[in-house]
Structure formats: structure tokens, C-alpha cells
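Text of the file my_file_10.txt, holding compact mmCIF, C-alpha atoms and all ligand atoms:
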# COMPACT_ATOMS: atom_id res chain seq x y z
CA MET A 1 4.40 88.20 -3.75
CA THR A 2 6.16 91.15 -2.19
CA LEU A 3 6.23 92.17 1.47
CA GLU A 4 7.98 95.54 0.92
CA ASN A 5 5.46 97.69 2.81
CA ASP A 6 5.33 95.19 5.67
CA LYS A 7 9.14 95.24 5.86
CA GLN A 8 9.21 99.04 6.05
CA LEU A 9 6.59 99.03 8.80
CA ARG A 10 8.67 96.49 10.72
CA HIS A 11 11.74 98.75 10.50
CA ARG A 12 9.72 101.68 11.83
CA ALA A 13 8.15 99.52 14.56
CA GLU A 14 11.54 98.33 15.82
CA LYS A 15 12.35 101.94 16.70
CA VAL A 16 9.19 102.72 18.66
CA ILE A 17 7.78 99.36 19.88
CA PRO A 18 9.81 96.98 22.10
CA ASN A 19 11.04 94.08 19.91
CA GLY A 20 9.08 95.64 17.06
CA MET A 21 6.02 93.79 18.38
CA TYR A 22 5.11 91.79 21.49
CA GLY A 23 2.89 88.97 22.67
CA HIS A 24 1.16 86.33 20.59
CA GLN A 25 0.75 88.53 17.53
CA SER A 26 4.50 89.05 17.12
CA VAL A 27 5.72 87.08 14.12
CA LEU A 28 9.30 86.81 15.40
CA LEU A 29 8.91 83.06 15.96
CA LEU A 30 7.13 82.45 12.65
CA PRO A 31 8.57 81.84 9.17
CA PRO A 32 10.28 84.98 7.77
CA GLU A 33 7.69 85.49 5.02
CA THR A 34 4.85 85.89 7.53
CA PRO A 35 3.46 89.44 7.31
CA GLN A 36 3.44 91.27 10.64
CA PHE A 37 0.76 93.80 9.68
CA PHE A 38 -2.64 93.68 8.00
CA SER A 39 -4.55 96.50 6.36
CA LYS A 40 -7.94 95.04 5.53
CA ALA A 41 -10.18 92.15 6.56
CA LYS A 42 -13.50 90.84 5.28
CA GLY A 43 -15.27 87.51 5.73
CA ALA A 44 -12.67 84.74 5.62
CA TYR A 45 -9.91 86.98 4.20
CA LEU A 46 -7.11 89.23 5.35
CA TRP A 47 -5.00 91.59 3.24
CA ASP A 48 -1.49 92.66 4.23
CA PRO A 49 -0.16 96.20 3.59
CA ASP A 50 1.27 95.01 0.24
CA GLY A 51 -2.16 93.98 -0.98
CA ASN A 52 -1.60 90.21 -0.70
CA ARG A 53 -4.80 88.36 0.21
CA TYR A 54 -4.89 85.39 2.59
CA ILE A 55 -7.60 82.94 3.60
CA ASP A 56 -7.05 83.42 7.33
CA TYR A 57 -6.98 80.27 9.46
CA LEU A 58 -6.05 82.19 12.61
CA CYS A 59 -9.22 84.32 12.74
CA GLY A 60 -7.40 86.90 14.92
CA TYR A 61 -6.38 83.96 17.17
CA GLY A 62 -10.03 83.23 17.78
CA PRO A 63 -12.25 86.31 17.90
CA GLN A 64 -13.54 85.90 14.33
CA LEU A 65 -16.28 83.34 14.69
CA LEU A 66 -18.69 84.48 11.97
CA GLY A 67 -16.06 86.14 9.76
CA TYR A 68 -14.46 89.57 9.61
CA GLY A 69 -16.69 92.60 9.26
CA HIS A 70 -19.97 90.77 9.80
CA GLU A 71 -22.57 93.29 8.62
CA GLU A 72 -25.27 92.67 11.22
CA VAL A 73 -22.86 92.54 14.16
CA ASP A 74 -20.93 95.60 13.04
CA GLU A 75 -24.07 97.60 12.37
CA ALA A 76 -25.21 96.98 15.94
CA TYR A 77 -21.77 98.01 17.21
CA ILE A 78 -21.71 101.25 15.19
CA ARG A 79 -25.30 102.14 16.07
CA GLN A 80 -24.53 101.76 19.78
CA LEU A 81 -21.22 103.59 19.46
CA LYS A 82 -23.04 106.61 18.05
CA GLN A 83 -25.62 106.53 20.86
CA ILE A 84 -23.48 105.77 23.93
CA ASP A 85 -20.43 103.58 24.52
CA VAL A 86 -17.95 104.30 27.35
CA ALA A 87 -19.76 106.43 29.92
CA THR A 88 -20.15 107.16 33.62
CA GLY A 89 -22.24 104.03 34.02
CA PRO A 90 -23.22 100.97 31.99
CA THR A 91 -26.08 100.98 29.51
CA PRO A 92 -29.24 98.87 29.94
CA LEU A 93 -27.61 96.46 27.48
CA MET A 94 -25.45 95.08 30.28
CA VAL A 95 -28.50 93.53 31.93
CA ASP A 96 -29.82 92.25 28.59
CA LEU A 97 -26.47 90.67 27.85
CA ALA A 98 -26.09 89.05 31.28
CA GLU A 99 -29.61 87.58 30.84
CA ALA A 100 -28.74 86.36 27.34
CA TRP A 101 -25.56 84.62 28.49
CA VAL A 102 -27.21 83.05 31.50
CA GLY A 103 -29.92 81.85 29.11
CA LEU A 104 -27.41 80.28 26.72
CA VAL A 105 -24.96 78.64 29.12
CA ASP A 106 -26.58 76.02 31.29
CA HIS A 107 -24.28 76.10 34.33
CA ALA A 108 -24.42 79.91 34.59
CA ASP A 109 -26.61 81.93 36.96
CA TRP A 110 -24.73 85.22 36.63
CA ALA A 111 -22.27 87.06 34.41
CA MET A 112 -19.54 89.69 34.82
CA PHE A 113 -18.14 91.45 31.76
CA CYS A 114 -14.61 92.66 31.16
CA LYS A 115 -12.35 93.20 28.15
CA ASN A 116 -9.67 90.55 27.66
CA GLY A 117 -9.47 86.87 28.38
CA THR A 118 -6.84 87.48 31.05
CA ASP A 119 -9.31 89.74 32.90
CA ALA A 120 -11.81 86.88 33.00
CA THR A 121 -9.35 84.18 34.13
CA THR A 122 -7.93 86.51 36.79
CA ILE A 123 -11.43 87.27 38.12
CA ALA A 124 -12.08 83.52 38.16
CA LEU A 125 -8.92 82.92 40.19
CA MET A 126 -9.81 85.68 42.67
CA THR A 127 -13.42 84.48 42.98
CA ALA A 128 -12.23 80.95 43.73
CA ARG A 129 -9.84 82.19 46.42
CA ALA A 130 -12.51 84.43 47.94
CA TYR A 131 -15.00 81.53 47.97
CA ARG A 132 -13.58 79.76 51.06
CA GLY A 133 -10.53 81.95 51.72
CA ARG A 134 -8.11 79.35 50.32
CA LYS A 135 -4.94 79.70 48.28
CA LYS A 136 -4.07 76.64 46.18
CA VAL A 137 -5.06 76.53 42.51
CA LEU A 138 -4.42 73.57 40.19
CA ILE A 139 -3.38 74.31 36.61
CA ALA A 140 -2.60 71.78 33.87
CA GLN A 141 1.02 71.82 32.82
CA GLY A 142 1.49 73.75 29.55
CA ALA A 143 -2.00 75.28 29.59
CA TYR A 144 -2.33 78.96 28.66
CA HIS A 145 -4.70 81.07 30.74
CA GLY A 146 -3.45 84.56 29.86
CA ALA A 147 -0.62 86.99 30.46
CA ALA A 148 -1.02 88.28 34.03
CA ASN A 149 1.76 87.72 36.61
CA TRP A 150 0.21 84.44 37.80
CA CYS A 151 -0.10 82.85 34.35
CA THR A 152 2.17 84.51 31.75
CA PRO A 153 4.29 81.80 30.12
CA PHE A 154 7.67 83.57 30.51
CA PRO A 155 8.98 84.42 33.98
CA ASP A 156 10.65 87.78 33.18
CA GLY A 157 9.04 90.57 35.16
CA THR A 158 7.35 88.19 37.60
CA VAL A 159 8.57 86.78 40.92
CA PRO A 160 8.20 83.19 42.12
CA ASP A 161 5.76 84.46 44.78
CA ASP A 162 3.28 85.27 41.97
CA ARG A 163 2.88 81.50 41.43
CA ALA A 164 3.64 80.32 44.93
CA HIS A 165 0.24 78.69 45.37
CA LEU A 166 -0.20 77.15 41.94
CA ILE A 167 0.14 73.37 41.63
CA SER A 168 0.52 71.75 38.24
CA TYR A 169 -1.04 68.52 37.02
CA THR A 170 -1.15 66.64 33.72
CA TYR A 171 -4.26 67.20 31.56
CA ASN A 172 -6.46 64.11 31.17
CA ASP A 173 -4.43 62.26 33.83
CA VAL A 174 -6.68 61.37 36.78
CA ALA A 175 -3.83 60.09 38.98
CA SER A 176 -1.87 63.31 38.49
CA LEU A 177 -4.96 65.40 39.24
CA GLU A 178 -5.61 63.40 42.43
CA ALA A 179 -1.97 63.81 43.52
CA ALA A 180 -2.20 67.59 43.01
CA VAL A 181 -5.43 67.75 45.03
CA GLU A 182 -3.70 65.76 47.77
CA GLU A 183 -0.80 68.22 47.74
CA ALA A 184 -3.21 71.15 48.14
CA GLY A 185 -4.63 69.52 51.27
CA ASP A 186 -7.20 71.70 53.06
CA ASP A 187 -6.18 74.75 51.06
CA LEU A 188 -7.64 73.87 47.62
CA ALA A 189 -9.42 76.87 46.08
CA ALA A 190 -9.89 75.70 42.48
CA ILE A 191 -9.06 73.39 39.62
CA PHE A 192 -8.52 75.13 36.27
CA ALA A 193 -9.07 73.18 33.05
CA SER A 194 -9.26 73.96 29.35
CA PRO A 195 -12.23 72.50 27.42
CA PHE A 196 -9.68 70.36 25.57
CA LYS A 197 -5.89 70.33 25.64
CA HIS A 198 -4.98 73.06 23.18
CA ASP A 199 -1.39 73.80 24.16
CA VAL A 200 1.11 74.93 21.53
CA LEU A 201 3.76 72.68 19.94
CA THR A 202 2.15 69.45 21.10
CA GLU A 203 -0.71 67.30 19.86
CA GLN A 204 -4.13 68.49 21.01
CA GLN A 205 -6.21 66.11 23.15
CA LEU A 206 -9.97 65.98 23.54
CA PRO A 207 -11.04 65.79 27.20
CA ASP A 208 -11.29 62.30 28.66
CA PRO A 209 -14.76 62.27 30.32
CA ALA A 210 -13.25 60.32 33.25
CA TYR A 211 -10.83 63.22 33.89
CA ALA A 212 -13.52 65.91 33.59
CA LYS A 213 -15.88 63.98 35.89
CA ARG A 214 -13.12 63.36 38.44
CA ALA A 215 -12.26 67.08 38.45
CA ARG A 216 -15.93 67.83 39.19
CA ALA A 217 -16.12 65.20 41.94
CA LEU A 218 -12.88 66.36 43.60
CA CYS A 219 -14.09 69.98 43.65
CA ASP A 220 -17.37 68.85 45.22
CA GLU A 221 -15.54 66.73 47.81
CA LYS A 222 -13.19 69.55 48.79
CA ASP A 223 -15.72 72.39 48.43
CA ALA A 224 -13.48 74.03 45.83
CA LEU A 225 -14.51 75.58 42.48
CA LEU A 226 -14.13 74.00 39.05
CA ILE A 227 -13.10 76.61 36.46
CA VAL A 228 -13.17 75.85 32.74
CA ASP A 229 -11.35 78.40 30.56
CA GLU A 230 -13.50 78.75 27.43
CA ILE A 231 -11.62 81.74 26.06
CA ARG A 232 -10.17 79.94 23.04
CA ALA A 233 -12.66 77.13 22.45
CA GLY A 234 -15.94 78.65 23.69
CA LEU A 235 -18.74 78.79 21.07
CA ARG A 236 -16.64 76.67 18.68
CA ILE A 237 -17.49 73.39 20.42
CA ALA A 238 -21.08 73.87 21.60
CA ARG A 239 -23.80 76.50 22.02
CA ASP A 240 -23.21 76.06 25.74
CA ALA A 241 -20.13 75.44 27.89
CA SER A 242 -17.90 72.94 26.05
CA TRP A 243 -18.09 70.27 28.76
CA SER A 244 -21.90 70.22 28.43
CA LEU A 245 -21.15 67.66 25.68
CA ILE A 246 -19.71 65.29 28.31
CA GLY A 247 -22.18 66.13 31.06
CA VAL A 248 -19.89 68.09 33.40
CA LYS A 249 -20.97 71.47 34.78
CA PRO A 250 -18.21 73.84 35.91
CA ASP A 251 -18.77 76.42 38.67
CA LEU A 252 -17.05 79.17 36.70
CA THR A 253 -16.30 79.60 32.99
CA SER A 254 -14.15 82.35 31.50
CA TRP A 255 -15.05 83.57 27.99
CA GLY A 256 -13.41 86.00 25.60
CA LYS A 257 -12.27 86.35 22.03
CA SER A 258 -15.35 85.42 20.00
CA LEU A 259 -18.31 86.54 22.07
CA ALA A 260 -18.89 89.71 20.10
CA ASN A 261 -17.31 88.43 16.88
CA GLY A 262 -14.16 90.49 17.24
CA HIS A 263 -15.39 93.41 19.32
CA PRO A 264 -13.72 93.85 22.68
CA ILE A 265 -15.55 92.05 25.46
CA SER A 266 -14.90 89.05 27.69
CA ALA A 267 -16.90 87.50 30.50
CA LEU A 268 -16.86 85.37 33.60
CA LEU A 269 -19.95 83.22 34.08
CA GLY A 270 -20.71 81.47 37.34
CA ASN A 271 -23.27 79.49 39.26
CA ASP A 272 -25.16 80.51 42.40
CA LYS A 273 -22.62 78.76 44.62
CA ALA A 274 -19.89 81.15 43.48
CA LYS A 275 -22.00 84.32 43.38
CA GLU A 276 -21.32 85.63 46.88
CA ALA A 277 -17.56 85.22 46.40
CA ALA A 278 -17.70 87.02 43.05
CA GLY A 279 -19.51 89.85 44.79
CA LYS A 280 -16.79 90.19 47.43
CA ILE A 281 -13.77 90.79 45.20
CA TYR A 282 -13.01 94.23 43.78
CA VAL A 283 -12.36 94.14 40.05
CA THR A 284 -13.14 96.77 37.43
CA GLY A 285 -11.87 98.59 34.35
CA SER A 286 -12.56 101.89 32.59
CA PHE A 287 -13.79 100.12 29.45
CA TRP A 288 -15.48 97.05 30.93
CA PHE A 289 -19.00 98.50 30.91
CA ALA A 290 -18.92 99.99 27.40
CA GLY A 291 -22.10 99.51 25.41
CA ALA A 292 -20.95 99.05 21.81
CA ALA A 293 -19.25 95.67 22.28
CA MET A 294 -22.26 94.56 24.33
CA ALA A 295 -24.57 95.44 21.43
CA ALA A 296 -22.30 93.43 19.12
CA SER A 297 -22.37 90.51 21.57
CA MET A 298 -26.20 90.55 21.69
CA VAL A 299 -26.32 90.10 17.90
CA THR A 300 -23.55 87.48 17.97
CA LEU A 301 -25.48 85.50 20.58
CA LYS A 302 -28.65 85.73 18.49
CA LEU A 303 -26.77 84.37 15.46
CA ILE A 304 -25.28 81.60 17.59
CA ARG A 305 -28.75 80.56 18.67
CA GLU A 306 -30.44 80.93 15.28
CA SER A 307 -27.89 80.06 12.59
CA ASN A 308 -26.10 76.85 11.65
CA TYR A 309 -22.69 78.52 12.15
CA LEU A 310 -21.40 75.66 14.33
CA GLU A 311 -22.44 72.81 12.04
CA HIS A 312 -21.00 74.75 9.09
CA MET A 313 -17.65 75.29 10.84
CA ILE A 314 -17.45 71.60 11.72
CA ALA A 315 -18.29 70.62 8.12
CA MET A 316 -15.59 72.95 6.79
CA GLY A 317 -13.07 71.65 9.37
CA ASP A 318 -13.88 68.06 8.41
CA ARG A 319 -13.47 68.88 4.71
CA LEU A 320 -10.05 70.42 5.35
CA ARG A 321 -8.92 67.52 7.55
CA ALA A 322 -10.03 64.84 5.11
CA GLY A 323 -8.46 66.70 2.16
CA LEU A 324 -5.11 67.15 3.94
CA ASN A 325 -5.06 63.49 4.96
CA GLU A 326 -5.68 62.48 1.37
CA ILE A 327 -2.86 64.73 0.08
CA ALA A 328 -0.41 63.54 2.76
CA GLU A 329 -1.15 59.92 1.97
CA ARG A 330 -0.82 60.46 -1.77
CA ARG A 331 2.47 62.35 -1.34
CA GLY A 332 3.82 59.88 1.23
CA ILE A 333 4.26 62.37 4.06
CA GLU A 334 3.14 61.83 7.63
CA ILE A 335 0.85 64.58 8.97
CA SER A 336 -0.56 65.11 12.47
CA GLN A 337 -3.98 66.75 12.66
CA THR A 338 -5.32 66.95 16.19
CA GLY A 339 -8.11 68.56 18.18
CA PRO A 340 -11.65 69.27 16.96
CA SER A 341 -11.53 69.74 13.17
CA GLN A 342 -12.90 73.29 13.56
CA MET A 343 -9.83 74.13 15.73
CA PRO A 344 -7.10 72.15 13.97
CA LEU A 345 -3.45 71.90 14.93
CA ILE A 346 -1.40 70.65 11.99
CA MET A 347 2.20 69.49 12.41
CA PHE A 348 4.57 66.96 10.88
CA PRO A 349 5.88 64.10 13.07
CA ASP A 350 9.66 63.66 13.03
CA GLY A 351 9.51 59.90 13.50
CA ALA A 352 11.11 60.17 16.94
CA GLY A 353 8.08 61.22 18.99
CA GLY A 354 8.45 64.94 18.23
CA PHE A 355 7.65 67.25 15.33
CA ASN A 356 9.74 68.38 12.39
CA MET A 357 9.55 72.16 12.58
CA GLU A 358 11.60 72.61 9.41
CA ILE A 359 8.85 70.90 7.43
CA GLY A 360 6.16 72.81 9.35
CA TYR A 361 7.78 76.15 8.55
CA GLU A 362 8.34 75.26 4.88
CA PHE A 363 4.74 74.09 4.52
CA THR A 364 3.39 77.25 6.16
CA THR A 365 5.60 79.40 3.94
CA GLY A 366 4.43 77.52 0.87
CA LEU A 367 0.82 78.17 1.85
CA MET A 368 1.51 81.82 2.66
CA ARG A 369 2.95 82.34 -0.85
CA ARG A 370 -0.26 80.87 -2.23
CA GLY A 371 -2.57 83.10 -0.19
CA VAL A 372 -3.34 80.85 2.79
CA TYR A 373 -2.43 81.90 6.33
CA PHE A 374 -1.61 78.81 8.47
CA HIS A 375 0.30 78.52 11.74
CA PRO A 376 3.07 75.93 12.18
CA TRP A 377 2.65 75.25 15.93
CA HIS A 378 -0.50 76.93 17.34
CA ASN A 379 -4.01 75.61 16.86
CA MET A 380 -5.95 77.35 14.12
CA PHE A 381 -9.60 78.35 13.82
CA ILE A 382 -12.24 77.78 11.16
CA SER A 383 -14.74 80.65 10.84
CA ALA A 384 -18.34 80.41 9.72
CA ALA A 385 -17.46 82.71 6.80
CA MET A 386 -15.28 80.05 5.15
CA THR A 387 -16.85 78.31 2.19
CA ALA A 388 -16.23 74.94 0.56
CA ASP A 389 -14.45 76.91 -2.22
CA ASP A 390 -12.07 78.44 0.36
CA ILE A 391 -11.28 74.99 1.73
CA ASP A 392 -10.73 73.62 -1.78
CA LEU A 393 -8.41 76.54 -2.66
CA THR A 394 -6.53 75.77 0.54
CA LEU A 395 -6.23 72.11 -0.42
CA THR A 396 -4.90 72.97 -3.88
CA ALA A 397 -2.33 75.27 -2.24
CA ALA A 398 -1.47 72.56 0.31
CA ASP A 399 -0.94 69.97 -2.42
CA GLU A 400 1.51 72.31 -4.20
CA ALA A 401 3.22 73.29 -0.95
CA ILE A 402 3.67 69.65 0.08
CA THR A 403 5.03 68.75 -3.36
CA SER A 404 7.64 71.48 -3.05
CA LEU A 405 8.75 70.02 0.31
CA SER A 406 10.34 67.12 -1.50
CA HIS A 407 13.86 68.54 -1.09
CA ILE A 408 13.51 67.98 2.68
CA ALA A 409 14.02 64.38 3.81
CA VAL A 410 10.62 63.11 4.98
N1 LIG B 1 -7.11 81.62 28.06
C1 LIG B 1 -6.98 81.00 26.88
C2 LIG B 1 -7.33 79.54 26.77
C3 LIG B 1 -6.53 81.70 25.76
O1 LIG B 1 -6.39 81.07 24.59
C4 LIG B 1 -6.23 83.07 25.89
C5 LIG B 1 -5.75 83.89 24.72
N2 LIG B 1 -5.04 83.23 23.75
C6 LIG B 1 -6.38 83.67 27.15
C7 LIG B 1 -6.84 82.92 28.21
C8 LIG B 1 -6.07 85.13 27.36
O2 LIG B 1 -6.92 85.92 26.61
P1 LIG B 1 -6.50 87.42 26.22
O3 LIG B 1 -5.33 87.34 25.30
O4 LIG B 1 -7.73 87.99 25.57
O5 LIG B 1 -6.17 88.12 27.52

Give the structure from the file, written as C-alpha cells.
Ligand code: PMP
Amino acid sequence: MTLENDKQLRHRAEKVIPNGMYGHQSVLLLPPETPQFFSKAKGAYLWDPDGNRYIDYLCGYGPQLLGYGHEEVDEAYIRQLKQIDVATGPTPLMVDLAEAWVGLVDHADWAMFCKNGTDATTIALMTARAYRGRKKVLIAQGAYHGAANWCTPFPDGTVPDDRAHLISYTYNDVASLEAAVEEAGDDLAAIFASPFKHDVLTEQQLPDPAYAKRARALCDEKDALLIVDEIRAGLRIARDASWSLIGVKPDLTSWGKSLANGHPISALLGNDKAKEAAGKIYVTGSFWFAGAAMAASMVTLKLIRESNYLEHMIAMGDRLRAGLNEIAERRGIEISQTGPSQMPLIMFPDGAGGFNMEIGYEFTTGLMRRGVYFHPWHNMFISAAMTADDIDLTLTAADEAITSLSHIAV
């Protein structure tokens, strides 16, 4: 396996792109043999500029739900692109799509469309503050809600005032949530939550129904809004908002990544209670109303309703999880696999309550060399394009990669 072309591109990028790359798609914090660039994608596979093929367990960090280059979705996108895309006003598709989303997601009475997940979470934050003219917003410690001033994980370029009215609490911890609500006093605008705890570098946690229900009750008591950020998990947990599975209806949900199977569109969905506030704030973008991604989203939503994509993803995730557990047990290595199996986070406990990143990086490198793209500390994504053969190839590669870890003390 050579990465010569990728290396040359990286050298060129360093000269004309800050750090050579930025944000979550920079590979600076990943093992050195991780390719930075990709030249081709189809179904479950990615090819780097050197022609190496990978079964891709990152799925573009989420957007690929049905697989890369899905024919039906892409045909709709291209057809619409040729007819009308970005224009002086939206196309009729915007109304169709808002109706389709409101029809799919039970808590929703209205929809607003934008481009990136951060657009949707920022509109949610503004809507919640406009709702009763309050300032305080509760955010779980370690949760990622995007890269705007109020939520970007690194402080450079922001000022403390950007987060002056954010209060943090511990996910799944009712007492900590109650204490944060108490601290907000009469000024509570919203509680933000992720569908499950999917922070990096730490075990994922499914939502404790007691926590989700308490968040709902506290918002009702204080007349504040409950916001669930579905950008990463949405459509991979349910054909509805993720907390529909535990009987909790948010007021607002932010969606992105997968709603047009890789085409650029995100959304904020809300209930009638939040509609007037959403109508008061001024938010917009030159590309937010573009038709082509909306056409792609219409087809994606149809496939979500009519295909078994979700059951298939869960079956493939379960197959991977069971196979990796079997290998780890046979090879005598401890493995941590957390979160829903269709959004797995795989790390290696260090025996002292943390994780052994050296093993994680070696394992990921071993897989990479064998044509499997894994991430050592971010949750991954199963796509509906993955087959049992892809999972079995992955397991064969994982068995070999784990065997070659034996030089590291485990
Ligand atoms: N919220 C969550 C939960 C996310 O995972 C992400 C993206 N990783 C965002 C918000 C921001 O989305 P985007 O990168 O499209 O702005």
C-alpha cells in the first residue's frame, strides 16, 4: 500500500490551506498512514488518490446513510440541478419537503432548512432565546453541537462572552441537570441534549429514560424549550426523532448530515409552541433554499419510509460487534464497543479506567493497511450499503490486525 499521491497533495495543501487541513476532516490527530484525501466513492467504499480501496466506517462522518453515490438519490439531485437549484427564490420542493419532514417526525409541526448542522443548532439556540426572551442554555459537558462561536470545542478566536449564558450539566445525570436548571433560575431558555451520549474519546451511553423524561418535565415546568440535536444520530436510530423510542417529545430537533444522503441540506424541526419564536428571528443563507439537495432529500425520505435500511444497518452493526467480541475474546484482548451497534465506538481499555490509544492507533493502522477505514476515538457509522461480506472482510482484517498487536503489552 502506497500513499505517495496523498503525501504530495498534503505537501501542496500545507502551502495554501492553514494547517494543510482544518476541522474534523483533518487527519493530523489520526495515525500517520491515514489518507487525507479521497478520489472516488461508491456504495460502502472509498478510494484514496493512490487507488487504495477502503470499506468506509466513517460514512463522511455521517452523511452517507444509504451508501455513496446512491443512484436514485443522485438522479433526483442531478435532474433538479439541471432544472433549477440556487435561485432568487425557493422551488416548490421546499413546501413538499417541509410537509414530508413534518409527516415523518412526530413532534414536528414545521421545518426550516439550512445547509450545515451548525446552522440548525444555532437557529435552535436563537429560537429558544426568542421564545420567552431568556438567556440561559444548558449543554451537556463534552457534547458537540457544531463549530460556531457558542459551541466550537476550542476557544481560539472566541471570547468568554460567547458562552457567558451556557451552563453545563452531566449527560444522563438527573441531579446535575436539576442543579443546572436551578442555576439558570428564571432565565432558562433551553436544555440541549444529544439523542445518546456520543462524545469523542469516552464510552458512548444510551439515554437513560429517567434523564430524558426529567429534561422534558423541567422544560415544561419552566416554560423553556427542549432541544435534541439529531445531526449525528438522526435517521440511524429511528424513522422519527430518536427519543420517540423512549416516549419523549422534544420541542425542537436539529438535523443534518444524512437527510439527503450526502447532499448539502440540514433542518430545524419544531412544534407549534416554538413556531412564533422561530418566525421572529432573522436567519438565512444564500444556499439554504436551493432545490437540488431538497430533491435528493425527498427521495432519501421516501427510501427511509419504504426500505428496510434501518433494520439492515442494525443487523450489520450487530454482526460487526459480535464478530469483534469473538475475536477479542479469542485473542485475549479487552475491547470496548459502546453506543448503538449501527454507530459504534471501538476503543481498548487501559485497565486503569481510561483507554490505550497506542493500541487503538495500531489497530486502526492495521485495518487501514487491509482496506478498512476505522476511527480510533470517534464513533463510526454503518451505512445501508454495507453487506454481510463487507462485515466479514472487516472481521478477517480485524483478526489479523489484532494478532499483529501482540508486540504491545495488553
Ligand atoms: N451536532 C452534532 C451532534 C454533530 O455531530 C455535528 C457534526 N459532527 C454538528 C452538530 C455540526 O454539524 P456540521 O458539521 O454539519 O455543522

Shell around region 236-238 of chain A at 8 Å using all atoms listed in the file, local window under 5 positions removed, as number ranges by chain: A: 65, 244-245, 310, 340, 342-343

field: Protein and nucleic acid residues within 8 Å of ligand LIG 1 (chain B) (all atoms listed in the file) as a list in words
entry: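 Final answer, ordered by chain and number: His24, Tyr61, Gly62, Lys115, Asn116, Gly117, Thr118, Asp119, Ala120, Thr121, Ala143, Tyr144, His145, Gly146, Ala147, Ser194, His198, Asp229, Glu230, Ile231, Arg232, Ala233, Ser254, Gly256, Lys257 and Ser266 of chain A.
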
Among the residues A:Gly234, A:Pro63, A:Gly185, A:Gly317, the one that comes closest to Ile391 (chain A) [using all atoms listed in the file]: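 Of all the options, A:Gly317 lies closest to Ile391 (chain A).
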
task: Identify which of the residues A:Asp251, A:Met386, A:Met21, A:Glu75 lies closest to Lys275 (chain A), counting all atoms listed in the file when measuring atom-to-atom distances.
output: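 Ranked by minimum distance to Lys275 (chain A), first place goes to A:Asp251.
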
- prompt: By how many Å are CA of Leu218 (chain A) and CA of Leu235 (chain A) apart?
  reply: 26.4 Å

- request: Determine the nearest neighbour of Glu358 (chain A) from the options A:Ile246, A:Lys222, A:Trp377, A:Leu320, counting only C-alpha atoms.
  value: A:Trp377

- request: Counting all atoms listed in the file, figure out which residue out of A:Asp208, A:Asp96, A:Asp106, A:Glu221 gets nearest to Arg239 (chain A).
  value: A:Asp106

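For the pair CA of Leu226 (chain A) and CA of Trp288 (chain A), the interatomic distance is 24.5 Å.
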
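In this model, the gap between CA of Val16 (chain A) and CA of Pro49 (chain A) comes to 18.9 Å.
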
task: Tell me, as an NGL selection string, which residues lie within 8 Å of Val372 (chain A), counting all atoms listed in the file; anything in the same chain fewer than 3 positions away does not count.
output: :A and (54-57 or 367-369 or 394 or 397)

Exercise: residues within 12 Å of coordinate (-10.1, 70.3, 5.9), counting only C-alpha atoms, as a PyMOL selection string: chain A and resi 57+313-327+337-338+340-346+380-382+386-396+398
